[in-house]
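As structure tokens, the structure follows; a few thoughts come after it.
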Amino acid sequence: MPILLRCHRGIGPAVSGTALVAADNFSARYDLDRARGIFSRPSHKLAGESYVDLILVLDGAKGGVATAWMLHDMAARRIVPRALIFNRVNPILAQGAAFAGVALVDRFAGDVTRLLRTGDALRVDPGAGVVEILNRDA
Amino acid sequence: MQLTDEENAILAGEVGEPRRWAIAHQIAVGEFFDAADFVPVSQAHIMADTESLGEAGIRFLERLASVPELERRVRVPAITDPRGIDFTVYRRLGQSAAMAALETRAIAALSAFGVLMTDTCINYQTVMAPLRGEHVAWGDTGSVIYANSVLGARSNFEGGPSALAAALTGRTPRYGYHLDTSRRATRRFRVTSRLRDLCEWGALGGVIGESCGSYWQVPVIEGLAAVPGSDALKHFGAALASFGSVALFHMPGITAEEAAFDRPPPASVSISRADLAAFLARYAAPGDKLDVVVFAAPQLSLFEIAAVADALDGRHVHRDTTVIVATSPEIKHAADRMGLTSRIEAAGAVVAQGICFYQGYAREMAEANGWTRLMTNSAKLVNILGGYGYRSSLASLEQCIDSAVAGRVL
């Protein structure tokens with residue numbers, strides 16, 4: 001039986017995909033090379049990793065407001081994460097997800113960067129406020 | 001969210017597609033943050049640089065702006081954050097004609113909504129500072145934290161789409177820093193030394209920002225030996241917002257609101273001169289060849305422009321180093337009129353208006369000009385540029401100018 005994690009009701013469509021997890025924060029401007037689809041900030045825990053079509057699992061949002069536009073452009077160019085799972089986001093990530101139509105959830109009972117592992121097969125249902133871990137049993 | 005009859009009519013599309021899109025977007029965000037209803041705003045501040053917009057964002061604006069004027073005009077005064085291109089200097093900075101073409105399209109689309117192209121992140125110094133308790137929808141983190149903290153106004157970080165939405169509906173979802181409950185202090189810091197320079201105020205913002213690390217933390221800063229000036233709190237707030245995503249701070253006796261805690265105040269964290277020195281040392285690179293010196297992020301006030309002019313008088317920037325000074329159009333005009341621009345440019349520096357360095361294709365500028373080593377007195381800028389491939393140094397304005405003249409980091 002898949003593991004079920006409950007969270008606050010999120011934004012965007014229900015999606016399935018593979019997790020990329022780090023206990024680090026996020027800004028599309030600060031951290032990404034959006035042309036190559038990789039984390040470009042040398043000090044980021046995911047430096048050098050591709051984020052394209054993966055479900056990003058991170059701690060929180062960094063400063064800056066650019067992500068609100070950038071997720072939309074990244075989605076149009078199909079070099080965007082499939083979903084965003086955070087412990088707690090700021091308004092910019094929520095606004096960016098809503099504008100881009102990217103799935104976003106946050107506010108879990110525990111630290112989601114510990115509850116999920118890179119490579120986990122996930123189903124994210126923002127409307128229900130649920131994340132399922134499909135490759136592990138409860 | 002509880003909607004009024006007017007808001008339901010907007011959502012039903014009765015006043016046109018732009019306002020329908022706007023309120024639907026705002027409801028999605030508001031419900032995510034459990035907003036009970038909307039709050040009217042007096043002004044909106046829209047970040048819409050073309051690097052962030054991309055082709056898709058510009059097409060979105062053009063499509064939304066293609067309806068009859070009555071349906072697209074903003075309902076409250078709306079102004080813009082810095083853009084990416086200054087048409088008078090972009091070639092000199094290695095920016096391309098294609099970037100300028102995108103900029104032209106974005107300006108046309110935003111102007112069609114009736115947005116006022118102020119192109120500034122220091123709108124609280126140069127355009128219209130809100131009053132205590134005034135609800136606004138501002139879209140630069142440095143502007144928001146200054147408005148919330150120094151002025152006691154009320155805003156969340158409103159990204160470009162949300163600030164435009166607020167301008168079109170005249171309201172924003174009532175959550176976060178529009179609520180008394182979110183404005184309570186959560187952390188305490190005590191500064192144990194006198195800060196001497198704007199870059200040290202930025203360093204202080206960086207240290208506290210890294211410690212807070214969340215939009216939802218509200219630090220109280222105590223122990224300041226004197227009242228800082230507006231530029232000091234500008235650099236402090238911009239760095240605090242950049243390093244920590246923080247949107248509100250309190251400085252008892254200095255900022256607008258009482259620093260009230262919901263529960264017994266936490267223990268205070270001391271920040272000493274050694275802490276600030278350690279922060280600055282992370283960016284030290286003595287002797288490195290210096291490619292570019294940037295004074296921006298936030299844009300410079302008139303006083304900062306005068307300080308740059310004073311530091312450059314009678315000197316010349318090294319032939320292998322570029323110096324860029326970015327300010328708002330209003331301050332640029334004042335600097336022109338007062339002879340400050342000509343003094344700075346006589347030394348070989350570039351004075352740009354209406355842009356900020358990191359909002360102007362910083363990665364492409366680096367590639368076009370062969371820039372790697374950058375120096376600035378802005379803690380916010382060194383934080384942002386790490387992901388753009390720069391190696392950045394943080395130092396005082398005077399150290400930056402001395403290094404620019406020498407062509408290497410001093």
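Letters A, B, ... go to the chains of the structure tokens in the order shown; residues in each chain start at 1; ligands are counted from 1 in the same order.
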Original post:
Could you list, as JSON, numbers by chain, every residue of chain B that has an atom within 8 Å of an atom of chain A, counting only C-alpha atoms?
Top reply: {"B": [25, 28, 29, 32, 47, 48, 52, 53, 54, 55, 56, 57, 139, 140, 141, 156, 157, 158, 159, 160, 161, 162, 213, 214, 215, 216, 241, 242, 243, 244, 245, 246, 383, 384, 385, 386, 387, 388, 389]}
Once you have the residues from the selection above, write them out as a compact mmCIF listing (two decimals), in the first residue's frame, restricted to N, CA and C atoms.
```txt
# COMPACT_ATOMS: atom_id res chain seq x y z
N HIS B 25 -6.64 34.45 -10.84
CA HIS B 25 -5.27 34.22 -10.37
C HIS B 25 -5.17 34.57 -8.88
N ALA B 28 -6.78 31.93 -6.66
CA ALA B 28 -5.95 30.72 -6.53
C ALA B 28 -4.86 30.93 -5.49
N VAL B 29 -4.21 32.10 -5.54
CA VAL B 29 -3.14 32.39 -4.58
C VAL B 29 -3.73 32.61 -3.19
N PHE B 32 -4.69 29.43 -1.50
CA PHE B 32 -3.49 28.68 -1.09
C PHE B 32 -3.03 29.15 0.29
N MET B 47 7.04 44.03 -11.23
CA MET B 47 8.33 43.57 -11.76
C MET B 47 8.06 42.85 -13.08
N ALA B 48 8.66 43.32 -14.14
CA ALA B 48 8.40 42.71 -15.45
C ALA B 48 9.60 42.91 -16.37
N SER B 52 12.97 37.80 -17.15
CA SER B 52 12.03 36.99 -16.37
C SER B 52 10.78 36.64 -17.18
N LEU B 53 10.27 37.63 -17.91
CA LEU B 53 9.07 37.40 -18.71
C LEU B 53 9.28 36.32 -19.76
N GLY B 54 10.42 36.42 -20.46
CA GLY B 54 10.64 35.54 -21.60
C GLY B 54 9.63 35.85 -22.70
N GLU B 55 9.79 35.16 -23.80
CA GLU B 55 8.86 35.34 -24.92
C GLU B 55 7.42 35.01 -24.48
N ALA B 56 7.28 33.98 -23.66
CA ALA B 56 5.93 33.56 -23.25
C ALA B 56 5.25 34.63 -22.41
N GLY B 57 6.01 35.26 -21.53
CA GLY B 57 5.42 36.30 -20.68
C GLY B 57 5.03 37.52 -21.48
N GLY B 139 6.11 44.84 -5.83
CA GLY B 139 6.72 43.67 -6.45
C GLY B 139 8.22 43.69 -6.57
N ASP B 140 8.90 44.24 -5.63
CA ASP B 140 10.35 44.04 -5.54
C ASP B 140 10.60 43.74 -4.07
N THR B 141 11.36 42.71 -3.78
CA THR B 141 11.46 42.32 -2.37
C THR B 141 12.08 43.42 -1.52
N ASN B 156 2.55 41.97 0.69
CA ASN B 156 3.31 40.74 0.48
C ASN B 156 4.27 40.95 -0.67
N PHE B 157 5.17 40.00 -0.87
CA PHE B 157 5.93 39.98 -2.12
C PHE B 157 4.91 39.68 -3.23
N GLU B 158 4.73 40.63 -4.12
CA GLU B 158 3.80 40.41 -5.25
C GLU B 158 4.64 40.29 -6.51
N GLY B 159 4.78 39.09 -7.04
CA GLY B 159 5.49 38.90 -8.30
C GLY B 159 4.76 39.61 -9.43
N GLY B 160 5.41 39.68 -10.60
CA GLY B 160 4.85 40.44 -11.70
C GLY B 160 3.40 40.12 -12.03
N PRO B 161 3.05 38.84 -12.23
CA PRO B 161 1.65 38.54 -12.57
C PRO B 161 0.68 38.99 -11.47
N SER B 162 1.05 38.81 -10.21
CA SER B 162 0.14 39.16 -9.12
C SER B 162 0.02 40.66 -8.93
N GLY B 213 15.93 32.74 7.22
CA GLY B 213 15.70 31.75 6.17
C GLY B 213 14.26 31.46 5.82
N SER B 214 13.36 32.39 6.09
CA SER B 214 11.96 32.13 5.75
C SER B 214 11.19 33.43 5.63
N TYR B 215 10.28 33.47 4.67
CA TYR B 215 9.38 34.60 4.48
C TYR B 215 8.56 34.88 5.73
N TRP B 216 8.33 33.85 6.52
CA TRP B 216 7.38 33.97 7.62
C TRP B 216 8.06 34.33 8.94
N ALA B 241 15.97 40.56 2.63
CA ALA B 241 14.96 39.93 1.77
C ALA B 241 15.60 38.95 0.81
N SER B 242 16.79 39.28 0.32
CA SER B 242 17.45 38.40 -0.65
C SER B 242 17.98 37.13 0.00
N PHE B 243 18.70 37.27 1.10
CA PHE B 243 19.31 36.10 1.75
C PHE B 243 18.28 35.28 2.52
N GLY B 244 17.22 35.93 3.00
CA GLY B 244 16.30 35.20 3.87
C GLY B 244 14.87 35.12 3.41
N SER B 245 14.55 35.80 2.29
CA SER B 245 13.16 35.91 1.84
C SER B 245 12.30 36.60 2.90
N VAL B 246 12.93 37.40 3.75
CA VAL B 246 12.21 38.09 4.83
C VAL B 246 11.52 39.33 4.25
N ASN B 383 24.72 37.99 -3.71
CA ASN B 383 23.92 36.80 -3.45
C ASN B 383 23.25 36.28 -4.72
N ILE B 384 22.69 37.18 -5.49
CA ILE B 384 21.96 36.77 -6.69
C ILE B 384 22.90 36.20 -7.74
N LEU B 385 24.06 36.83 -7.91
CA LEU B 385 24.87 36.53 -9.08
C LEU B 385 25.62 35.20 -9.02
N GLY B 386 25.60 34.53 -7.87
CA GLY B 386 26.29 33.24 -7.78
C GLY B 386 25.82 32.25 -8.84
N GLY B 387 24.51 32.25 -9.08
CA GLY B 387 23.95 31.31 -10.06
C GLY B 387 24.16 31.73 -11.49
N TYR B 388 24.63 32.96 -11.70
CA TYR B 388 24.84 33.48 -13.05
C TYR B 388 26.29 33.28 -13.51
N GLY B 389 27.10 32.64 -12.71
CA GLY B 389 28.46 32.34 -13.13
C GLY B 389 29.51 33.37 -12.75
```
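Look at Ala165 (chain B): the protein and nucleic acid residues within 10 Å of it, using only C-alpha atoms and passing over chain neighbours fewer than 4 places away, are Pro18, Arg19, Arg20, Trp21, Ala22, Ile23, Ala24, His25, Gln26, Ala44, Ile46, Val74, Ala137, Glu158, Gly159, Gly160, Pro161, Thr169, Gly170, Arg171 and Thr172 of chain B.
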I need the chosen residues saved as a PDB file, in the first residue's frame, with N, CA and C atoms.
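What ended up in out-v4.pdb:
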```pdb
ATOM      1  N   PRO B  18      -9.139  40.649 -19.031  1.00  0.00           N
ATOM      2  CA  PRO B  18      -7.991  40.913 -18.154  1.00  0.00           C
ATOM      3  C   PRO B  18      -8.363  40.869 -16.676  1.00  0.00           C
ATOM      4  N   ARG B  19      -9.474  41.495 -16.315  1.00  0.00           N
ATOM      5  CA  ARG B  19      -9.857  41.494 -14.900  1.00  0.00           C
ATOM      6  C   ARG B  19     -10.352  40.113 -14.460  1.00  0.00           C
ATOM      7  N   ARG B  20     -10.983  39.349 -15.374  1.00  0.00           N
ATOM      8  CA  ARG B  20     -11.379  37.975 -15.027  1.00  0.00           C
ATOM      9  C   ARG B  20     -10.147  37.127 -14.745  1.00  0.00           C
ATOM     10  N   TRP B  21      -9.139  37.210 -15.663  1.00  0.00           N
ATOM     11  CA  TRP B  21      -7.903  36.467 -15.405  1.00  0.00           C
ATOM     12  C   TRP B  21      -7.295  36.883 -14.067  1.00  0.00           C
ATOM     13  N   ALA B  22      -7.285  38.216 -13.848  1.00  0.00           N
ATOM     14  CA  ALA B  22      -6.605  38.748 -12.657  1.00  0.00           C
ATOM     15  C   ALA B  22      -7.228  38.204 -11.382  1.00  0.00           C
ATOM     16  N   ILE B  23      -8.545  38.268 -11.279  1.00  0.00           N
ATOM     17  CA  ILE B  23      -9.152  37.863 -10.002  1.00  0.00           C
ATOM     18  C   ILE B  23      -9.110  36.340  -9.840  1.00  0.00           C
ATOM     19  N   ALA B  24      -9.180  35.608 -10.952  1.00  0.00           N
ATOM     20  CA  ALA B  24      -9.063  34.145 -10.843  1.00  0.00           C
ATOM     21  C   ALA B  24      -7.664  33.771 -10.335  1.00  0.00           C
ATOM     22  N   HIS B  25      -6.643  34.451 -10.844  1.00  0.00           N
ATOM     23  CA  HIS B  25      -5.269  34.222 -10.365  1.00  0.00           C
ATOM     24  C   HIS B  25      -5.172  34.570  -8.881  1.00  0.00           C
ATOM     25  N   GLN B  26      -5.745  35.687  -8.509  1.00  0.00           N
ATOM     26  CA  GLN B  26      -5.648  36.120  -7.108  1.00  0.00           C
ATOM     27  C   GLN B  26      -6.391  35.165  -6.173  1.00  0.00           C
ATOM     28  N   ALA B  44       0.146  49.632  -7.121  1.00  0.00           N
ATOM     29  CA  ALA B  44       0.820  48.372  -7.446  1.00  0.00           C
ATOM     30  C   ALA B  44       2.175  48.676  -8.075  1.00  0.00           C
ATOM     31  N   ILE B  46       5.065  46.705 -10.323  1.00  0.00           N
ATOM     32  CA  ILE B  46       5.119  45.496 -11.146  1.00  0.00           C
ATOM     33  C   ILE B  46       6.540  45.202 -11.607  1.00  0.00           C
ATOM     34  N   VAL B  74      -5.610  49.842 -15.803  1.00  0.00           N
ATOM     35  CA  VAL B  74      -5.443  49.541 -14.381  1.00  0.00           C
ATOM     36  C   VAL B  74      -6.392  50.415 -13.553  1.00  0.00           C
ATOM     37  N   ALA B 137       0.370  46.684  -3.243  1.00  0.00           N
ATOM     38  CA  ALA B 137       0.765  45.404  -3.877  1.00  0.00           C
ATOM     39  C   ALA B 137       2.072  45.664  -4.611  1.00  0.00           C
ATOM     40  N   GLU B 158       4.729  40.630  -4.121  1.00  0.00           N
ATOM     41  CA  GLU B 158       3.802  40.409  -5.246  1.00  0.00           C
ATOM     42  C   GLU B 158       4.643  40.292  -6.515  1.00  0.00           C
ATOM     43  N   GLY B 159       4.782  39.091  -7.037  1.00  0.00           N
ATOM     44  CA  GLY B 159       5.493  38.904  -8.296  1.00  0.00           C
ATOM     45  C   GLY B 159       4.764  39.611  -9.426  1.00  0.00           C
ATOM     46  N   GLY B 160       5.410  39.678 -10.596  1.00  0.00           N
ATOM     47  CA  GLY B 160       4.847  40.440 -11.701  1.00  0.00           C
ATOM     48  C   GLY B 160       3.404  40.116 -12.028  1.00  0.00           C
ATOM     49  N   PRO B 161       3.045  38.843 -12.230  1.00  0.00           N
ATOM     50  CA  PRO B 161       1.647  38.536 -12.565  1.00  0.00           C
ATOM     51  C   PRO B 161       0.678  38.992 -11.472  1.00  0.00           C
ATOM     52  N   THR B 169      -7.510  44.755 -10.637  1.00  0.00           N
ATOM     53  CA  THR B 169      -8.702  44.597  -9.794  1.00  0.00           C
ATOM     54  C   THR B 169      -8.767  45.648  -8.685  1.00  0.00           C
ATOM     55  N   GLY B 170      -7.637  46.276  -8.374  1.00  0.00           N
ATOM     56  CA  GLY B 170      -7.601  47.271  -7.296  1.00  0.00           C
ATOM     57  C   GLY B 170      -7.597  46.658  -5.911  1.00  0.00           C
ATOM     58  N   ARG B 171      -7.239  45.392  -5.827  1.00  0.00           N
ATOM     59  CA  ARG B 171      -7.270  44.691  -4.539  1.00  0.00           C
ATOM     60  C   ARG B 171      -6.284  43.537  -4.569  1.00  0.00           C
ATOM     61  N   THR B 172      -6.084  42.927  -3.401  1.00  0.00           N
ATOM     62  CA  THR B 172      -5.207  41.762  -3.327  1.00  0.00           C
ATOM     63  C   THR B 172      -5.726  40.845  -2.224  1.00  0.00           C
TER      64      THR B 172
END
```
Original post:
B:Cys400, B:Gly13, B:His318, B:Arg363: which is nearest Arg34 (chain A), counting only C-alpha atoms?
Top reply: B:Arg363
Original post:
Among region 143-344 of chain B, which ones does DSSP place in strand (DSSP E), written as an MDAnalysis selection string?
Top reply: chainID B and resid 171:173 187:191 219:222 269:271 292:300 322:327
Next, dump the selected residues to file, keeping only N, CA and C atoms, as a PDB file, in the first residue's frame.
```
ATOM      1  N   ARG B 171      -7.239  45.392  -5.827  1.00  0.00           N
ATOM      2  CA  ARG B 171      -7.270  44.691  -4.539  1.00  0.00           C
ATOM      3  C   ARG B 171      -6.284  43.537  -4.569  1.00  0.00           C
ATOM      4  N   THR B 172      -6.084  42.927  -3.401  1.00  0.00           N
ATOM      5  CA  THR B 172      -5.207  41.762  -3.327  1.00  0.00           C
ATOM      6  C   THR B 172      -5.726  40.845  -2.224  1.00  0.00           C
ATOM      7  N   PRO B 173      -5.435  39.558  -2.296  1.00  0.00           N
ATOM      8  CA  PRO B 173      -5.921  38.663  -1.227  1.00  0.00           C
ATOM      9  C   PRO B 173      -5.347  39.078   0.128  1.00  0.00           C
ATOM     10  N   ARG B 187      11.904  36.576  15.882  1.00  0.00           N
ATOM     11  CA  ARG B 187      13.336  36.377  16.170  1.00  0.00           C
ATOM     12  C   ARG B 187      13.911  37.673  16.734  1.00  0.00           C
ATOM     13  N   ARG B 188      15.014  37.547  17.507  1.00  0.00           N
ATOM     14  CA  ARG B 188      15.681  38.734  18.072  1.00  0.00           C
ATOM     15  C   ARG B 188      17.166  38.694  17.754  1.00  0.00           C
ATOM     16  N   PHE B 189      17.691  39.824  17.355  1.00  0.00           N
ATOM     17  CA  PHE B 189      19.121  39.972  17.094  1.00  0.00           C
ATOM     18  C   PHE B 189      19.608  41.258  17.763  1.00  0.00           C
ATOM     19  N   ARG B 190      20.831  41.231  18.254  1.00  0.00           N
ATOM     20  CA  ARG B 190      21.424  42.424  18.872  1.00  0.00           C
ATOM     21  C   ARG B 190      22.733  42.734  18.169  1.00  0.00           C
ATOM     22  N   VAL B 191      22.835  43.933  17.649  1.00  0.00           N
ATOM     23  CA  VAL B 191      24.046  44.367  16.953  1.00  0.00           C
ATOM     24  C   VAL B 191      24.973  45.003  17.987  1.00  0.00           C
ATOM     25  N   PRO B 219      12.225  39.341  12.099  1.00  0.00           N
ATOM     26  CA  PRO B 219      13.273  39.626  13.078  1.00  0.00           C
ATOM     27  C   PRO B 219      13.145  41.023  13.690  1.00  0.00           C
ATOM     28  N   VAL B 220      13.558  41.100  14.949  1.00  0.00           N
ATOM     29  CA  VAL B 220      13.709  42.385  15.634  1.00  0.00           C
ATOM     30  C   VAL B 220      15.203  42.628  15.778  1.00  0.00           C
ATOM     31  N   ILE B 221      15.652  43.824  15.421  1.00  0.00           N
ATOM     32  CA  ILE B 221      17.070  44.151  15.498  1.00  0.00           C
ATOM     33  C   ILE B 221      17.240  45.247  16.547  1.00  0.00           C
ATOM     34  N   GLU B 222      18.011  44.931  17.576  1.00  0.00           N
ATOM     35  CA  GLU B 222      18.213  45.845  18.692  1.00  0.00           C
ATOM     36  C   GLU B 222      19.690  46.208  18.792  1.00  0.00           C
ATOM     37  N   VAL B 269      20.176  36.882  19.541  1.00  0.00           N
ATOM     38  CA  VAL B 269      21.414  36.436  18.892  1.00  0.00           C
ATOM     39  C   VAL B 269      22.303  37.658  18.678  1.00  0.00           C
ATOM     40  N   SER B 270      23.515  37.637  19.212  1.00  0.00           N
ATOM     41  CA  SER B 270      24.435  38.775  19.057  1.00  0.00           C
ATOM     42  C   SER B 270      25.129  38.715  17.705  1.00  0.00           C
ATOM     43  N   ILE B 271      25.257  39.889  17.088  1.00  0.00           N
ATOM     44  CA  ILE B 271      26.005  39.990  15.829  1.00  0.00           C
ATOM     45  C   ILE B 271      27.107  41.025  16.043  1.00  0.00           C
ATOM     46  N   VAL B 292      34.419  43.871 -13.783  1.00  0.00           N
ATOM     47  CA  VAL B 292      33.296  44.812 -13.763  1.00  0.00           C
ATOM     48  C   VAL B 292      32.944  45.191 -12.321  1.00  0.00           C
ATOM     49  N   VAL B 293      32.692  46.475 -12.153  1.00  0.00           N
ATOM     50  CA  VAL B 293      32.232  46.994 -10.856  1.00  0.00           C
ATOM     51  C   VAL B 293      30.807  47.504 -11.057  1.00  0.00           C
ATOM     52  N   VAL B 294      29.907  47.083 -10.165  1.00  0.00           N
ATOM     53  CA  VAL B 294      28.496  47.427 -10.332  1.00  0.00           C
ATOM     54  C   VAL B 294      27.976  48.111  -9.074  1.00  0.00           C
ATOM     55  N   PHE B 295      27.398  49.275  -9.269  1.00  0.00           N
ATOM     56  CA  PHE B 295      26.668  49.938  -8.190  1.00  0.00           C
ATOM     57  C   PHE B 295      25.190  49.885  -8.557  1.00  0.00           C
ATOM     58  N   ALA B 296      24.467  48.995  -7.909  1.00  0.00           N
ATOM     59  CA  ALA B 296      23.047  48.757  -8.207  1.00  0.00           C
ATOM     60  C   ALA B 296      22.505  47.819  -7.135  1.00  0.00           C
ATOM     61  N   ALA B 297      21.247  47.429  -7.313  1.00  0.00           N
ATOM     62  CA  ALA B 297      20.606  46.419  -6.453  1.00  0.00           C
ATOM     63  C   ALA B 297      20.716  46.735  -4.959  1.00  0.00           C
ATOM     64  N   PRO B 298      20.006  47.697  -4.474  1.00  0.00           N
ATOM     65  CA  PRO B 298      19.036  48.544  -5.151  1.00  0.00           C
ATOM     66  C   PRO B 298      19.684  49.666  -5.989  1.00  0.00           C
ATOM     67  N   GLN B 299      18.848  50.248  -6.880  1.00  0.00           N
ATOM     68  CA  GLN B 299      19.299  51.408  -7.637  1.00  0.00           C
ATOM     69  C   GLN B 299      19.763  52.504  -6.669  1.00  0.00           C
ATOM     70  N   LEU B 300      20.666  53.337  -7.172  1.00  0.00           N
ATOM     71  CA  LEU B 300      21.279  54.331  -6.292  1.00  0.00           C
ATOM     72  C   LEU B 300      20.376  55.545  -6.069  1.00  0.00           C
ATOM     73  N   THR B 322      35.116  47.616 -16.344  1.00  0.00           N
ATOM     74  CA  THR B 322      33.912  48.397 -16.635  1.00  0.00           C
ATOM     75  C   THR B 322      33.233  48.752 -15.319  1.00  0.00           C
ATOM     76  N   VAL B 323      32.816  49.997 -15.194  1.00  0.00           N
ATOM     77  CA  VAL B 323      32.061  50.417 -14.016  1.00  0.00           C
ATOM     78  C   VAL B 323      30.655  50.818 -14.456  1.00  0.00           C
ATOM     79  N   ILE B 324      29.658  50.199 -13.841  1.00  0.00           N
ATOM     80  CA  ILE B 324      28.256  50.469 -14.170  1.00  0.00           C
ATOM     81  C   ILE B 324      27.550  51.011 -12.927  1.00  0.00           C
ATOM     82  N   VAL B 325      26.888  52.135 -13.104  1.00  0.00           N
ATOM     83  CA  VAL B 325      26.096  52.742 -12.043  1.00  0.00           C
ATOM     84  C   VAL B 325      24.647  52.734 -12.515  1.00  0.00           C
ATOM     85  N   ALA B 326      23.746  52.118 -11.746  1.00  0.00           N
ATOM     86  CA  ALA B 326      22.347  52.029 -12.176  1.00  0.00           C
ATOM     87  C   ALA B 326      21.452  52.780 -11.204  1.00  0.00           C
ATOM     88  N   THR B 327      20.595  53.599 -11.768  1.00  0.00           N
ATOM     89  CA  THR B 327      19.661  54.348 -10.923  1.00  0.00           C
ATOM     90  C   THR B 327      18.326  54.482 -11.634  1.00  0.00           C
TER      91      THR B 327
END
```
Subject >> d(CA of Leu70 (chain B), CA of Gln2 (chain B)) in Å >> reply: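 Distance reported for this atom pair: 26.3 Å.
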Original post:
Interatomic distance between CA of Glu132 (chain A) and CA of Glu49 (chain A)?
Top reply: 23.7 Å
Subject >> B:Ala256, B:Ala278, B:Ile27, B:Ala78 ranked by distance to Glu200 (chain B), top pick (using only C-alpha atoms) >> reply: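 Closest to Glu200 (chain B) of all the choices is B:Ala278.
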**OP:** Using only C-alpha atoms, pick whichever of B:Ile344, B:Ala108, B:Leu233, B:Val409 has the shortest atom-to-atom distance to Lys289 (chain B).
**Re:**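 Of B:Ile344, B:Ala108, B:Leu233, B:Val409, the one nearest Lys289 (chain B) is B:Val409, counting only C-alpha atoms.
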**OP:** Write out as number ranges by chain the residues lying within 12 Å of Ser111 (chain B), counting only C-alpha atoms and excluding same-chain residues fewer than 3 positions away.
**Re:** B: 46, 61-62, 65-66, 69, 72-74, 78-80, 104-108, 114-118, 164
Restrict the selected residues to C-alpha atoms and save them as a PDB file, in the first residue's frame.
```
ATOM      1  CA  ILE B  46       5.119  45.496 -11.146  1.00  0.00           C
ATOM      2  CA  LEU B  61       0.933  40.622 -21.746  1.00  0.00           C
ATOM      3  CA  GLU B  62       0.313  41.416 -25.413  1.00  0.00           C
ATOM      4  CA  ALA B  65      -3.550  44.100 -23.534  1.00  0.00           C
ATOM      5  CA  SER B  66      -5.295  43.504 -26.870  1.00  0.00           C
ATOM      6  CA  GLU B  69      -9.123  50.155 -23.413  1.00  0.00           C
ATOM      7  CA  ARG B  72      -7.543  46.730 -19.780  1.00  0.00           C
ATOM      8  CA  ARG B  73      -6.829  49.964 -17.894  1.00  0.00           C
ATOM      9  CA  VAL B  74      -5.443  49.541 -14.381  1.00  0.00           C
ATOM     10  CA  ALA B  78       0.659  51.018 -11.175  1.00  0.00           C
ATOM     11  CA  ILE B  79       4.401  51.515 -11.620  1.00  0.00           C
ATOM     12  CA  THR B  80       7.277  49.335 -12.792  1.00  0.00           C
ATOM     13  CA  THR B 104      10.235  47.445 -26.679  1.00  0.00           C
ATOM     14  CA  ARG B 105       7.374  44.943 -26.878  1.00  0.00           C
ATOM     15  CA  ALA B 106       7.104  44.639 -23.094  1.00  0.00           C
ATOM     16  CA  ILE B 107       7.037  48.415 -22.626  1.00  0.00           C
ATOM     17  CA  ALA B 108       4.300  48.734 -25.258  1.00  0.00           C
ATOM     18  CA  GLY B 114      -1.896  52.380 -18.261  1.00  0.00           C
ATOM     19  CA  VAL B 115       1.095  51.264 -16.219  1.00  0.00           C
ATOM     20  CA  LEU B 116       3.463  54.146 -15.418  1.00  0.00           C
ATOM     21  CA  MET B 117       6.971  53.174 -16.530  1.00  0.00           C
ATOM     22  CA  THR B 118       8.926  54.317 -13.485  1.00  0.00           C
ATOM     23  CA  LEU B 164      -0.477  43.292 -12.467  1.00  0.00           C
TER      24      LEU B 164
END
```
Subject >> Residue set, region 39-70 of chain A restricted to helix (DSSP H, G or I), as a ChimeraX atom specification >> reply: /A:67-70
**OP:** Pick out the residues sitting within 12 Å of Gly119 (chain A), and hand them over as a ChimeraX atom specification; count only C-alpha atoms, and ignore anything fewer than 6 positions along from it in its own chain.
**Re:** /A:17-22,54-57,133-136
Mind dumping the selected residues with C-alpha atoms as a tab-separated table (two decimals), in the first residue's frame?
```
chain	number	residue	atom	x	y	z
A	17	GLY	CA	6.73	11.71	-11.50
A	18	THR	CA	10.14	11.14	-9.95
A	19	ALA	CA	11.42	13.08	-6.93
A	20	LEU	CA	14.61	15.16	-6.79
A	21	VAL	CA	15.15	16.02	-3.11
A	22	ALA	CA	17.47	18.39	-1.24
A	54	LEU	CA	11.22	16.07	-12.14
A	55	ILE	CA	9.28	16.69	-8.96
A	56	LEU	CA	11.43	19.11	-6.96
A	57	VAL	CA	11.34	18.55	-3.20
A	133	ILE	CA	4.91	7.59	-2.45
A	134	LEU	CA	4.23	4.85	-4.97
A	135	ASN	CA	7.48	2.88	-4.73
A	136	ARG	CA	7.44	2.29	-0.98
```
Subject >> Polymer residues at most 12 Å from Ser230 (chain B), only C-alpha atoms, same-chain spacing of 2 or more positions, as a VMD selection string >> reply: chain B and resid 122 124 to 126 146 to 147 149 to 151 198 201 227 to 228 232 to 238 254 to 255 298 300 to 304
**OP:** Kindly indicate which residue among A:Val15, A:Ala35, A:Ala100, A:Ala109 lies nearest to Arg82 (chain A), using only C-alpha atoms for the distances.
**Re:** A:Val15
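As for CA of Gly129 (chain A) and CA of Leu58 (chain A), they are spaced 16.9 Å apart.
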Subject >> Selected residue of minimal separation from Ile355 (chain B) among B:Ile10, B:Ala35, B:Leu64, B:Cys121, counting only C-alpha atoms >> reply: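 Closest residue, counting only C-alpha atoms: B:Cys121.
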